[in-house]
file work-v4.cif (mmCIF, C-alpha atoms)
data_start
#
loop_
_atom_site.label_atom_id
_atom_site.label_comp_id
_atom_site.auth_asym_id
_atom_site.auth_seq_id
_atom_site.Cartn_x
_atom_site.Cartn_y
_atom_site.Cartn_z
CA MET A 5 73.28 11.85 184.87
CA MET A 6 69.61 12.12 183.91
CA LEU A 7 69.94 9.78 180.94
CA LEU A 8 70.10 6.66 183.11
CA PRO A 9 66.36 6.62 184.04
CA LEU A 10 65.56 6.96 180.33
CA PHE A 11 67.83 4.02 179.46
CA GLU A 12 66.21 1.99 182.26
CA ARG A 13 62.79 2.71 180.77
CA LEU A 14 64.04 1.75 177.31
CA GLU A 15 65.47 -1.53 178.60
CA ALA A 16 62.08 -2.31 180.16
CA SER A 17 60.25 -1.63 176.87
CA ALA A 18 58.22 -4.43 175.30
CA LEU A 19 60.62 -4.75 172.36
CA GLY A 20 63.62 -4.87 174.68
CA GLU A 21 61.94 -7.55 176.80
CA ALA A 22 61.05 -9.57 173.71
CA VAL A 23 64.61 -9.59 172.35
CA ARG A 24 66.08 -10.36 175.79
CA GLY A 25 63.62 -13.17 176.39
CA SER A 26 64.35 -14.92 173.12
CA LEU A 27 67.24 -17.26 172.43
CA TRP A 28 67.25 -16.56 168.70
CA LEU A 29 66.10 -12.98 168.23
CA PHE A 30 69.27 -11.13 169.24
CA PRO A 31 71.66 -13.19 167.08
CA VAL A 32 69.34 -13.15 164.06
CA VAL A 33 68.74 -9.39 164.25
CA GLU A 34 72.47 -8.91 164.73
CA ALA A 35 73.19 -11.00 161.63
CA PHE A 36 70.89 -8.69 159.63
CA HIS A 37 72.79 -5.78 161.18
CA LEU A 38 76.03 -7.33 159.85
CA VAL A 39 74.63 -7.87 156.34
CA GLY A 40 73.55 -4.22 156.39
CA LEU A 41 77.09 -3.32 157.46
CA ALA A 42 78.55 -5.08 154.43
CA VAL A 43 76.20 -3.19 152.08
CA ILE A 44 76.65 0.25 153.64
CA GLY A 45 80.39 -0.37 153.95
CA GLY A 46 80.67 -1.29 150.28
CA ALA A 47 78.51 1.64 149.13
CA ILE A 48 80.54 4.18 151.13
CA LEU A 49 83.99 2.64 150.58
CA VAL A 50 83.67 2.39 146.80
CA VAL A 51 83.16 6.17 146.53
CA ASP A 52 85.89 6.88 149.11
CA PHE A 53 88.26 4.57 147.22
CA ARG A 54 87.37 6.41 144.01
CA LEU A 55 88.18 9.73 145.72
CA LEU A 56 91.55 8.24 146.72
CA GLY A 57 92.14 7.13 143.12
CA LEU A 58 92.11 3.45 144.08
CA THR A 59 89.26 2.25 141.85
CA LEU A 60 87.16 3.14 138.74
CA ARG A 61 89.29 6.19 137.92
CA SER A 62 87.79 6.49 134.43
CA HIS A 63 84.33 7.14 135.90
CA PRO A 64 83.22 10.55 137.27
CA VAL A 65 82.95 10.68 141.06
CA ALA A 66 79.52 12.35 140.88
CA ARG A 67 78.07 9.47 138.84
CA LEU A 68 79.30 6.82 141.29
CA ALA A 69 78.15 8.85 144.27
CA ARG A 70 74.68 9.41 142.80
CA ASP A 71 74.38 5.67 142.10
CA MET A 72 75.46 4.74 145.61
CA GLN A 73 73.32 7.29 147.47
CA PRO A 74 70.07 5.23 147.63
CA TRP A 75 72.07 2.20 148.82
CA ILE A 76 73.69 4.24 151.57
CA VAL A 77 70.31 5.58 152.69
CA GLY A 78 68.61 2.18 152.37
CA SER A 79 71.25 0.26 154.30
CA LEU A 80 71.45 3.01 156.92
CA VAL A 81 67.71 2.57 157.49
CA LEU A 82 68.25 -1.22 157.79
CA MET A 83 71.10 -0.60 160.25
CA ILE A 84 68.99 1.70 162.42
CA LEU A 85 65.91 -0.55 162.30
CA SER A 86 67.98 -3.60 163.31
CA GLY A 87 70.12 -1.61 165.75
CA ILE A 88 67.17 -0.33 167.81
CA PRO A 89 65.98 -3.75 169.07
CA LEU A 90 69.60 -4.76 169.78
CA PHE A 91 70.06 -1.57 171.82
CA LEU A 92 66.71 -1.88 173.64
CA SER A 93 67.58 -5.41 174.78
CA GLU A 94 70.64 -4.14 176.68
CA ALA A 95 70.15 -0.39 177.09
CA ILE A 96 71.59 -0.23 180.60
CA LYS A 97 74.71 -2.14 179.54
CA CYS A 98 75.04 0.35 176.66
CA TYR A 99 74.70 3.26 179.08
CA TYR A 100 77.78 2.07 180.96
CA SER A 101 79.65 1.05 177.80
CA PHE A 102 82.36 3.44 176.60
CA ALA A 103 82.26 1.77 173.17
CA PHE A 104 78.54 2.54 172.83
CA TRP A 105 79.09 6.29 173.36
CA VAL A 106 82.06 6.26 170.98
CA LYS A 107 79.84 4.59 168.40
CA MET A 108 76.92 6.99 168.83
CA THR A 109 79.16 10.06 168.73
CA ALA A 110 80.95 8.76 165.63
CA LEU A 111 77.58 7.86 164.06
CA VAL A 112 76.23 11.39 164.47
CA GLY A 113 79.49 12.77 163.06
CA ALA A 114 79.57 10.27 160.19
CA VAL A 115 75.95 10.89 159.17
CA LEU A 116 76.33 14.68 159.36
CA PHE A 117 79.59 14.56 157.41
CA THR A 118 78.25 12.16 154.77
CA PHE A 119 75.01 14.03 154.08
CA THR A 120 76.44 17.55 154.10
CA PHE A 121 80.13 18.06 153.39
CA ARG A 122 80.90 14.78 151.64
CA ARG A 123 77.73 15.03 149.60
CA ILE A 124 78.73 18.47 148.27
CA VAL A 125 82.25 17.31 147.37
CA VAL A 126 81.26 14.03 145.70
CA GLY A 127 78.33 15.66 143.92
CA ALA A 128 80.48 18.31 142.27
CA PRO A 129 81.74 17.88 138.71
CA ASP A 130 85.29 16.47 138.47
CA GLY A 131 87.85 19.24 138.80
CA ARG A 132 85.82 21.49 141.09
CA PHE A 133 87.63 20.17 144.14
CA SER A 134 91.35 19.39 144.15
CA PRO A 135 92.67 15.84 144.64
CA ALA A 136 93.84 16.94 148.08
CA TRP A 137 90.24 17.76 149.03
CA HIS A 138 89.11 14.41 147.65
CA ARG A 139 91.70 12.57 149.72
CA ALA A 140 90.83 14.49 152.88
CA VAL A 141 87.11 13.82 152.48
CA ALA A 142 87.69 10.11 151.75
CA LEU A 143 89.98 9.63 154.76
CA MET A 144 87.59 11.52 157.03
CA SER A 145 84.69 9.37 155.81
CA ILE A 146 86.62 6.11 156.23
CA GLY A 147 87.80 7.23 159.68
CA LEU A 148 84.36 8.22 160.94
CA TRP A 149 82.55 5.14 159.63
CA SER A 150 85.32 2.84 160.88
CA ALA A 151 84.89 4.35 164.34
CA VAL A 152 81.17 3.54 164.13
CA GLY A 153 81.91 -0.06 163.14
CA TRP A 154 84.68 -0.63 165.69
CA GLY A 155 82.65 1.00 168.46
CA GLY A 156 79.74 -1.26 167.57
CA ARG A 157 81.83 -4.40 167.64
CA TRP A 158 83.36 -3.41 170.98
CA ILE A 159 79.97 -2.97 172.68
CA GLY A 160 79.88 -6.77 172.59
CA PHE A 161 83.28 -7.12 174.26
CA SER A 162 82.52 -4.91 177.26
CA GLY A 163 80.72 -6.15 180.34
CA MET B 16 91.45 -33.84 162.55
CA SER B 17 89.45 -33.54 165.76
CA SER B 18 92.33 -34.71 167.94
CA TRP B 19 94.66 -32.44 166.01
CA MET B 20 92.36 -29.51 166.82
CA GLN B 21 92.33 -30.68 170.45
CA ARG B 22 96.13 -30.58 170.55
CA LEU B 23 96.14 -27.17 168.83
CA ALA B 24 93.78 -25.88 171.51
CA GLU B 25 96.32 -26.90 174.15
CA THR B 26 99.22 -25.01 172.59
CA GLU B 27 100.55 -22.00 174.43
CA TRP B 28 99.81 -19.48 171.67
CA SER B 29 96.24 -20.66 171.18
CA ILE B 30 95.51 -20.32 174.88
CA ALA B 31 97.23 -16.92 175.01
CA LEU B 32 95.10 -15.65 172.11
CA HIS B 33 91.93 -17.07 173.62
CA GLU B 34 92.56 -15.49 176.99
CA SER B 35 94.06 -12.23 175.75
CA GLN B 36 92.29 -9.07 176.82
CA TYR B 37 92.62 -7.23 173.50
CA ALA B 38 94.19 -9.41 170.80
CA TYR B 39 91.12 -11.55 170.16
CA ALA B 40 88.81 -8.51 170.10
CA ILE B 41 91.13 -6.62 167.74
CA ILE B 42 91.38 -9.59 165.35
CA GLU B 43 87.61 -9.92 165.34
CA SER B 44 87.20 -6.19 164.68
CA VAL B 45 89.58 -6.49 161.71
CA HIS B 46 87.47 -9.45 160.52
CA VAL B 47 84.33 -7.28 160.68
CA TRP B 48 86.02 -4.28 159.04
CA ALA B 49 87.31 -6.37 156.14
CA LEU B 50 83.73 -7.64 155.68
CA CYS B 51 82.86 -4.23 154.20
CA LEU B 52 85.67 -4.52 151.67
CA SER B 53 85.28 -8.18 150.70
CA VAL B 54 81.53 -8.77 150.93
CA GLY B 55 80.59 -5.11 150.43
CA PHE B 56 82.47 -4.87 147.12
CA ALA B 57 81.34 -8.38 146.06
CA VAL B 58 77.75 -7.23 146.60
CA LEU B 59 78.40 -4.23 144.33
CA LEU B 60 79.56 -6.56 141.54
CA ASP B 61 76.53 -8.81 142.09
CA LEU B 62 74.17 -5.84 141.99
CA ARG B 63 75.88 -4.59 138.81
CA LEU B 64 75.30 -8.01 137.20
CA LEU B 65 71.62 -7.60 138.11
CA GLY B 66 71.56 -4.09 136.63
CA PHE B 67 70.68 -2.48 139.98
CA VAL B 68 73.74 -0.23 140.46
CA LEU B 69 76.54 1.41 138.49
CA ARG B 70 74.72 0.73 135.23
CA GLU B 71 77.07 3.02 133.31
CA VAL B 72 80.11 1.05 134.48
CA PRO B 73 81.02 -1.81 132.11
CA VAL B 74 81.12 -5.21 133.81
CA THR B 75 84.78 -5.62 132.80
CA HIS B 76 85.60 -2.43 134.74
CA MET B 77 83.93 -3.92 137.80
CA ILE B 78 85.96 -7.11 137.35
CA ARG B 79 89.27 -5.27 136.82
CA ARG B 80 88.92 -2.32 139.23
CA VAL B 81 86.51 -3.39 141.99
CA LEU B 82 86.99 -7.16 142.25
CA PRO B 83 90.70 -6.89 143.16
CA TRP B 84 89.66 -5.04 146.34
CA THR B 85 87.23 -7.84 147.13
CA LYS B 86 90.22 -10.17 146.92
CA VAL B 87 92.32 -7.93 149.19
CA GLY B 88 89.46 -7.85 151.70
CA PHE B 89 89.03 -11.61 151.40
CA ALA B 90 92.72 -12.18 152.10
CA VAL B 91 92.36 -10.15 155.31
CA MET B 92 89.23 -12.17 156.14
CA VAL B 93 91.11 -15.45 155.70
CA VAL B 94 94.11 -14.39 157.80
CA SER B 95 91.97 -12.93 160.63
CA GLY B 96 89.54 -15.85 160.35
CA VAL B 97 92.31 -18.43 160.67
CA LEU B 98 93.57 -16.60 163.77
CA LEU B 99 90.06 -16.65 165.27
CA LEU B 100 89.90 -20.39 164.57
CA TYR B 101 93.37 -20.80 166.08
CA ALA B 102 92.19 -19.10 169.30
CA ILE B 103 89.25 -21.54 169.74
CA PRO B 104 90.10 -24.52 167.50
CA PHE B 105 88.39 -27.53 169.03
CA ARG B 106 84.99 -26.00 169.76
CA THR B 107 84.92 -24.16 166.43
CA TYR B 108 85.84 -27.29 164.50
CA HIS B 109 82.81 -29.02 166.02
CA SER B 110 80.48 -26.05 165.50
CA VAL B 111 77.62 -26.77 163.08
CA PHE B 112 77.70 -23.11 162.03
CA PHE B 113 81.42 -23.20 161.29
CA ARG B 114 80.92 -26.33 159.18
CA ALA B 115 77.96 -24.78 157.38
CA LYS B 116 80.04 -21.65 156.74
CA ALA B 117 82.90 -23.73 155.32
CA ILE B 118 80.52 -25.52 152.93
CA LEU B 119 78.90 -22.22 151.89
CA LEU B 120 82.34 -20.69 151.24
CA VAL B 121 83.19 -23.60 148.93
CA LEU B 122 79.87 -23.09 147.11
CA ALA B 123 80.56 -19.35 146.77
CA GLY B 124 84.00 -20.21 145.37
CA LEU B 125 82.50 -22.65 142.87
CA ASN B 126 79.91 -20.06 141.81
CA ALA B 127 82.64 -17.46 141.25
CA PHE B 128 84.80 -19.99 139.40
CA ALA B 129 81.95 -21.04 137.09
CA PHE B 130 81.12 -17.37 136.42
CA HIS B 131 84.72 -16.56 135.48
CA ALA B 132 85.41 -19.74 133.55
CA ARG B 133 82.16 -19.87 131.57
CA THR B 134 79.80 -16.89 131.75
CA LEU B 135 82.46 -14.20 131.58
CA ARG B 136 83.95 -15.63 128.37
CA THR B 137 81.21 -13.92 126.33
CA VAL B 138 81.42 -10.63 128.27
CA GLU B 139 82.34 -8.58 125.19
CA ALA B 140 78.81 -9.08 123.89
CA TRP B 141 77.14 -7.71 127.05
CA ASP B 142 79.84 -5.68 128.81
CA THR B 143 77.94 -2.37 128.72
CA LEU B 144 74.39 -3.72 128.90
CA VAL B 145 72.35 -2.67 131.92
CA ALA B 146 71.03 -6.22 132.25
CA PRO B 147 73.61 -8.91 131.45
CA PRO B 148 72.42 -12.37 130.26
CA ARG B 149 70.53 -14.74 132.54
CA ALA B 150 73.55 -16.83 133.49
CA ALA B 151 75.37 -13.73 134.78
CA ARG B 152 72.31 -12.52 136.68
CA LEU B 153 71.87 -15.96 138.23
CA ALA B 154 75.51 -15.94 139.33
CA GLY B 155 74.86 -12.55 140.95
CA VAL B 156 71.78 -13.79 142.81
CA ALA B 157 73.57 -16.97 143.94
CA SER B 158 76.51 -14.90 145.20
CA LEU B 159 74.21 -12.52 147.13
CA LEU B 160 72.36 -15.42 148.78
CA LEU B 161 75.55 -17.35 149.57
CA TRP B 162 77.36 -14.37 151.12
CA THR B 163 74.30 -13.49 153.20
CA ALA B 164 74.20 -17.07 154.47
CA ILE B 165 77.98 -16.97 155.12
CA VAL B 166 77.63 -13.81 157.24
CA PHE B 167 74.74 -15.41 159.15
CA SER B 168 76.53 -18.68 159.85
CA GLY B 169 79.72 -16.82 160.75
CA ARG B 170 77.90 -14.72 163.32
CA MET B 171 76.21 -17.80 164.81
CA ILE B 172 79.53 -19.58 165.51
CA ALA B 173 79.61 -17.50 168.71
CA TYR B 174 76.54 -19.32 170.05
CA ASN B 175 76.68 -22.72 171.71
CA TRP B 176 73.14 -23.91 170.95
CA PHE B 177 74.32 -27.06 169.19
CA ASP B 178 77.60 -27.74 170.97
CA CYS B 179 78.60 -31.38 171.30
CA GLY B 180 77.25 -33.04 174.42
CA LYS B 181 73.92 -31.22 174.29
CA ARG B 182 70.73 -33.21 173.93
CA GLN B 183 69.94 -32.80 170.23
CA PRO B 184 68.92 -34.77 167.13
CA ALA B 185 71.52 -37.31 166.01
CA VAL B 186 71.77 -35.70 162.59
CA ILE B 187 73.07 -32.47 164.17
CA SER B 188 75.60 -34.32 166.31
CA ALA B 189 76.75 -36.24 163.22
CA PHE B 190 77.10 -33.03 161.19
CA ALA B 191 79.12 -31.48 164.02
CA GLY B 192 81.33 -34.59 164.22
CA CYS B 193 80.46 -35.13 167.88
CA THR B 194 81.49 -38.33 169.64
CA PRO B 195 79.68 -39.78 172.69
CA ASP B 196 82.56 -38.90 175.02
CA MET B 197 82.17 -35.14 174.38
CA ILE B 198 80.56 -33.31 177.26
CA ASP B 199 79.09 -29.83 177.04
CA PRO B 200 80.70 -27.90 179.92
CA TYR B 201 77.76 -25.47 180.08
CA SER B 202 74.99 -28.03 180.54
CA GLN B 203 76.59 -29.79 183.51
#
call {"tool": "encode", "arguments": {"input": "work-v4.cif", "output": "structure tokens"}}
result
Amino acid sequence: MMLLPLFERLEASALGEAVRGSLWLFPVVEAFHLVGLAVIGGAILVVDFRLLGLTLRSHPVARLARDMQPWIVGSLVLMILSGIPLFLSEAIKCYYSFAFWVKMTALVGAVLFTFTFRRIVVGAPDGRFSPAWHRAVALMSIGLWSAVGWGGRWIGFSG
Amino acid sequence: MSSWMQRLAETEWSIALHESQYAYAIIESVHVWALCLSVGFAVLLDLRLLGFVLREVPVTHMIRRVLPWTKVGFAVMVVSGVLLLYAIPFRTYHSVFFRAKAILLVLAGLNAFAFHARTLRTVEAWDTLVAPPRAARLAGVASLLLWTAIVFSGRMIAYNWFDCGKRQPAVISAFAGCTPDMIDPYSQ
């Protein structure tokens, strides 16, 4: 596969070298990655839980979703910015890691779903979409983002 | 306590969990997933107290509808966390990061207790305000800082930088409860 030379180049990048050569950098960046996970997880889950009728039922979905949107975007940026140096430090390991590809596939799916379909449904006034639609969107969102999280955690267990 | 942890580490189930191919990884994944529910929802409450998010949601709604999920997530964190400790009891017990995390968790608990017992008593006066009084905002800031530090120290338990038997300042060895007979298997 032609991606391997690219991953080899990425692993040899200055940032990758720096993270690999440091005792502290990887764990500290990863801890930031985890804090970002808590924030993005909370911001996404609270709207999904609302769609499922599990929390804040007296508040319109669209209001909650609009409030959470900048936090989702902000923490996603933090996740990507902290994720890049982690990836660069072990790009070749990631290339051979099944969990890494699961995570990246799920991430593309989760981002596309969240910023297109989910955004339309949660942005609509209450009543436009049926409770069944709400449940389906919430479960899809939880499923996709969970796959991202689990895939990410399992990169560390492989190899 | 240390010798008790040593004996625990020698039990069949602890060894099985430690050496299992999937069980340990699955428990740790559950621990990370529940982080989103427990810390993620706690952060939302903290940010609401600071007037940064969900400004139209009364604080009492956050306490009654969002906080219970934080508690559910926390219960999962405790159960999965105890299992992780059970898999590697002796080393974890003598980890400076584990001890720091335990202290920080107690502080986070005290902060939450003080907020509920004192600050929240006057909530009717500021329930719907965008910016609650200073005491509530301070509780929110303290909670954000403490949980960030808890996540950091939790992640660092995996690293053996300060394991007993390493050459390190006496204060670190004392904090980790190291005794002179402990040898670091990785530095030999």
call {"tool": "resolve_selection", "arguments": {"input": "work-v4.cif", "expression": "the PyMOL selection byres ((chain B) within 8 of (chain A))", "output": "ChimeraX atom specification"}}
result
/B:40,44,47-48,50-52,54-56,58-59,68-69,72,76-77,80-81,163,166-167,170-171
call {"tool": "resolve_selection", "arguments": {"input": "work-v4.cif", "expression": "the PyMOL selection byres ((chain B and resi 88) around 6)", "output": "number ranges by chain"}}
result
B: 49, 52-53, 85-87, 89-91
call {"tool": "residues_around", "arguments": {"input": "work-v4.cif", "residues": "stretch 182-191 of chain B", "least_positions_apart": "6", "cutoff": "7 Å", "atoms": "all atoms listed in the file", "output": "PDB file with C-alpha atoms, keeping the file's coordinate frame"}}
result
ATOM      1  CA  HIS B 109      82.810 -29.020 166.020  1.00  0.00           C
ATOM      2  CA  SER B 110      80.480 -26.050 165.500  1.00  0.00           C
ATOM      3  CA  VAL B 111      77.620 -26.770 163.080  1.00  0.00           C
TER       4      VAL B 111
END
call {"tool": "atom_distance", "arguments": {"input": "work-v4.cif", "atom1": "atom CA of B:Leu60", "atom2": "atom CA of B:Phe112"}}
result
26.4 Å
call {"tool": "residues_around", "arguments": {"input": "work-v4.cif", "residues": "stretch 126-128 of chain B", "least_positions_apart": "4", "cutoff": "12 Å", "atoms": "all atoms listed in the file", "output": "PyMOL selection string"}}
result
chain B and resi 57+60-61+78+82+86+119-122+132-136+150-162
call {"tool": "resolve_selection", "arguments": {"input": "work-v4.cif", "expression": "the PyMOL selection byres ((chain A and resi 56) around 10)", "output": "ChimeraX atom specification"}}
result
/A:50-55,57-59,61,135-143
call {"tool": "axis_aligned_box", "arguments": {"input": "work-v4.cif", "around": "stretch 164-169 of chain B", "padding_each_side": "6 Å", "output": "lines of an AutoDock Vina configuration file"}}
result
center_x = 77.0
center_y = -16.2
center_z = 157.6
size_x = 17.5
size_y = 16.9
size_z = 18.3
call {"tool": "atom_distance", "arguments": {"input": "work-v4.cif", "atom1": "atom CA of B:Leu23", "atom2": "atom CA of B:Ile165"}}
result
24.9 Å
call {"tool": "closest_residue", "arguments": {"input": "work-v4.cif", "among": "A:Ser93, A:Trp105, A:Leu29, A:Leu80", "to": "A:Arg13", "atoms": "all atoms listed in the file"}}
result
A:Ser93
call {"tool": "atom_distance", "arguments": {"input": "work-v4.cif", "atom1": "atom CA of B:Arg114", "atom2": "atom CA of B:Ser35"}}
result
25.4 Å
call {"tool": "closest_residue", "arguments": {"input": "work-v4.cif", "among": "B:Glu43, B:Glu71, B:Asp178, B:Glu34", "to": "B:Val94", "atoms": "all atoms listed in the file"}}
result
B:Glu43
call {"tool": "closest_residue", "arguments": {"input": "work-v4.cif", "among": "B:Ile172, B:Leu144, B:Tyr101, B:Pro73", "to": "B:Glu27", "atoms": "all atoms listed in the file"}}
result
B:Tyr101
call {"tool": "residues_around", "arguments": {"input": "work-v4.cif", "residues": "B:Val138", "least_positions_apart": "5", "cutoff": "9 Å", "atoms": "all atoms listed in the file", "output": "PyMOL selection string"}}
result
chain B and resi 74-75+143+147
call {"tool": "build_atoms", "arguments": {"input": "work-v4.cif", "residues": "stretch 165-174 of chain B", "atoms": "all heavy atoms", "output": "PDB file, keeping the file's coordinate frame"}}
result
ATOM      1  N   ILE B 165      76.645 -16.855 154.509  1.00  0.00           N
ATOM      2  CA  ILE B 165      77.980 -16.970 155.120  1.00  0.00           C
ATOM      3  C   ILE B 165      78.098 -16.007 156.309  1.00  0.00           C
ATOM      4  O   ILE B 165      78.595 -16.373 157.376  1.00  0.00           O
ATOM      5  CB  ILE B 165      79.080 -16.699 154.072  1.00  0.00           C
ATOM      6  CG1 ILE B 165      79.163 -17.873 153.093  1.00  0.00           C
ATOM      7  CG2 ILE B 165      80.432 -16.462 154.742  1.00  0.00           C
ATOM      8  CD1 ILE B 165      79.940 -17.586 151.820  1.00  0.00           C
ATOM      9  N   VAL B 166      77.601 -14.774 156.134  1.00  0.00           N
ATOM     10  CA  VAL B 166      77.630 -13.810 157.240  1.00  0.00           C
ATOM     11  C   VAL B 166      76.796 -14.330 158.412  1.00  0.00           C
ATOM     12  O   VAL B 166      77.226 -14.289 159.573  1.00  0.00           O
ATOM     13  CB  VAL B 166      77.115 -12.429 156.782  1.00  0.00           C
ATOM     14  CG1 VAL B 166      76.941 -11.493 157.972  1.00  0.00           C
ATOM     15  CG2 VAL B 166      78.053 -11.805 155.761  1.00  0.00           C
ATOM     16  N   PHE B 167      75.610 -14.861 158.098  1.00  0.00           N
ATOM     17  CA  PHE B 167      74.740 -15.410 159.150  1.00  0.00           C
ATOM     18  C   PHE B 167      75.424 -16.540 159.903  1.00  0.00           C
ATOM     19  O   PHE B 167      75.490 -16.527 161.130  1.00  0.00           O
ATOM     20  CB  PHE B 167      73.420 -15.906 158.536  1.00  0.00           C
ATOM     21  CG  PHE B 167      72.300 -14.910 158.640  1.00  0.00           C
ATOM     22  CD1 PHE B 167      72.260 -13.810 157.800  1.00  0.00           C
ATOM     23  CD2 PHE B 167      71.295 -15.058 159.581  1.00  0.00           C
ATOM     24  CE1 PHE B 167      71.246 -12.873 157.897  1.00  0.00           C
ATOM     25  CE2 PHE B 167      70.265 -14.133 159.682  1.00  0.00           C
ATOM     26  CZ  PHE B 167      70.234 -13.039 158.834  1.00  0.00           C
ATOM     27  N   SER B 168      75.942 -17.525 159.160  1.00  0.00           N
ATOM     28  CA  SER B 168      76.530 -18.680 159.850  1.00  0.00           C
ATOM     29  C   SER B 168      77.775 -18.257 160.609  1.00  0.00           C
ATOM     30  O   SER B 168      78.042 -18.767 161.696  1.00  0.00           O
ATOM     31  CB  SER B 168      76.827 -19.810 158.853  1.00  0.00           C
ATOM     32  OG  SER B 168      77.546 -19.334 157.752  1.00  0.00           O
ATOM     33  N   GLY B 169      78.530 -17.300 160.036  1.00  0.00           N
ATOM     34  CA  GLY B 169      79.720 -16.820 160.750  1.00  0.00           C
ATOM     35  C   GLY B 169      79.352 -16.189 162.078  1.00  0.00           C
ATOM     36  O   GLY B 169      79.978 -16.466 163.104  1.00  0.00           O
ATOM     37  N   ARG B 170      78.302 -15.370 162.074  1.00  0.00           N
ATOM     38  CA  ARG B 170      77.900 -14.720 163.320  1.00  0.00           C
ATOM     39  C   ARG B 170      77.446 -15.747 164.356  1.00  0.00           C
ATOM     40  O   ARG B 170      77.667 -15.586 165.563  1.00  0.00           O
ATOM     41  CB  ARG B 170      76.753 -13.710 163.047  1.00  0.00           C
ATOM     42  CG  ARG B 170      76.360 -12.891 164.261  1.00  0.00           C
ATOM     43  CD  ARG B 170      77.524 -12.037 164.704  1.00  0.00           C
ATOM     44  NE  ARG B 170      77.380 -11.472 166.048  1.00  0.00           N
ATOM     45  CZ  ARG B 170      77.760 -12.059 167.164  1.00  0.00           C
ATOM     46  NH1 ARG B 170      78.275 -13.267 167.131  1.00  0.00           N
ATOM     47  NH2 ARG B 170      77.638 -11.459 168.326  1.00  0.00           N
ATOM     48  N   MET B 171      76.798 -16.823 163.890  1.00  0.00           N
ATOM     49  CA  MET B 171      76.210 -17.800 164.810  1.00  0.00           C
ATOM     50  C   MET B 171      77.249 -18.720 165.453  1.00  0.00           C
ATOM     51  O   MET B 171      76.937 -19.428 166.410  1.00  0.00           O
ATOM     52  CB  MET B 171      75.171 -18.665 164.082  1.00  0.00           C
ATOM     53  CG  MET B 171      74.002 -17.890 163.503  1.00  0.00           C
ATOM     54  SD  MET B 171      73.131 -16.881 164.700  1.00  0.00           S
ATOM     55  CE  MET B 171      72.189 -15.790 163.652  1.00  0.00           C
ATOM     56  N   ILE B 172      78.496 -18.727 164.911  1.00  0.00           N
ATOM     57  CA  ILE B 172      79.530 -19.580 165.510  1.00  0.00           C
ATOM     58  C   ILE B 172      79.708 -19.217 166.987  1.00  0.00           C
ATOM     59  O   ILE B 172      80.035 -20.060 167.814  1.00  0.00           O
ATOM     60  CB  ILE B 172      80.879 -19.432 164.749  1.00  0.00           C
ATOM     61  CG1 ILE B 172      80.741 -19.962 163.317  1.00  0.00           C
ATOM     62  CG2 ILE B 172      82.008 -20.188 165.459  1.00  0.00           C
ATOM     63  CD1 ILE B 172      81.942 -19.688 162.427  1.00  0.00           C
ATOM     64  N   ALA B 173      79.430 -17.955 167.320  1.00  0.00           N
ATOM     65  CA  ALA B 173      79.610 -17.500 168.710  1.00  0.00           C
ATOM     66  C   ALA B 173      78.641 -18.176 169.673  1.00  0.00           C
ATOM     67  O   ALA B 173      78.864 -18.144 170.881  1.00  0.00           O
ATOM     68  CB  ALA B 173      79.442 -15.984 168.772  1.00  0.00           C
ATOM     69  N   TYR B 174      77.568 -18.767 169.153  1.00  0.00           N
ATOM     70  CA  TYR B 174      76.540 -19.320 170.050  1.00  0.00           C
ATOM     71  C   TYR B 174      76.673 -20.836 170.189  1.00  0.00           C
ATOM     72  O   TYR B 174      77.028 -21.528 169.241  1.00  0.00           O
ATOM     73  CB  TYR B 174      75.140 -18.936 169.548  1.00  0.00           C
ATOM     74  CG  TYR B 174      74.952 -17.441 169.621  1.00  0.00           C
ATOM     75  CD1 TYR B 174      75.291 -16.619 168.544  1.00  0.00           C
ATOM     76  CD2 TYR B 174      74.500 -16.844 170.793  1.00  0.00           C
ATOM     77  CE1 TYR B 174      75.167 -15.242 168.626  1.00  0.00           C
ATOM     78  CE2 TYR B 174      74.367 -15.473 170.881  1.00  0.00           C
ATOM     79  CZ  TYR B 174      74.701 -14.679 169.798  1.00  0.00           C
ATOM     80  OH  TYR B 174      74.581 -13.315 169.884  1.00  0.00           O
TER      81      TYR B 174
END
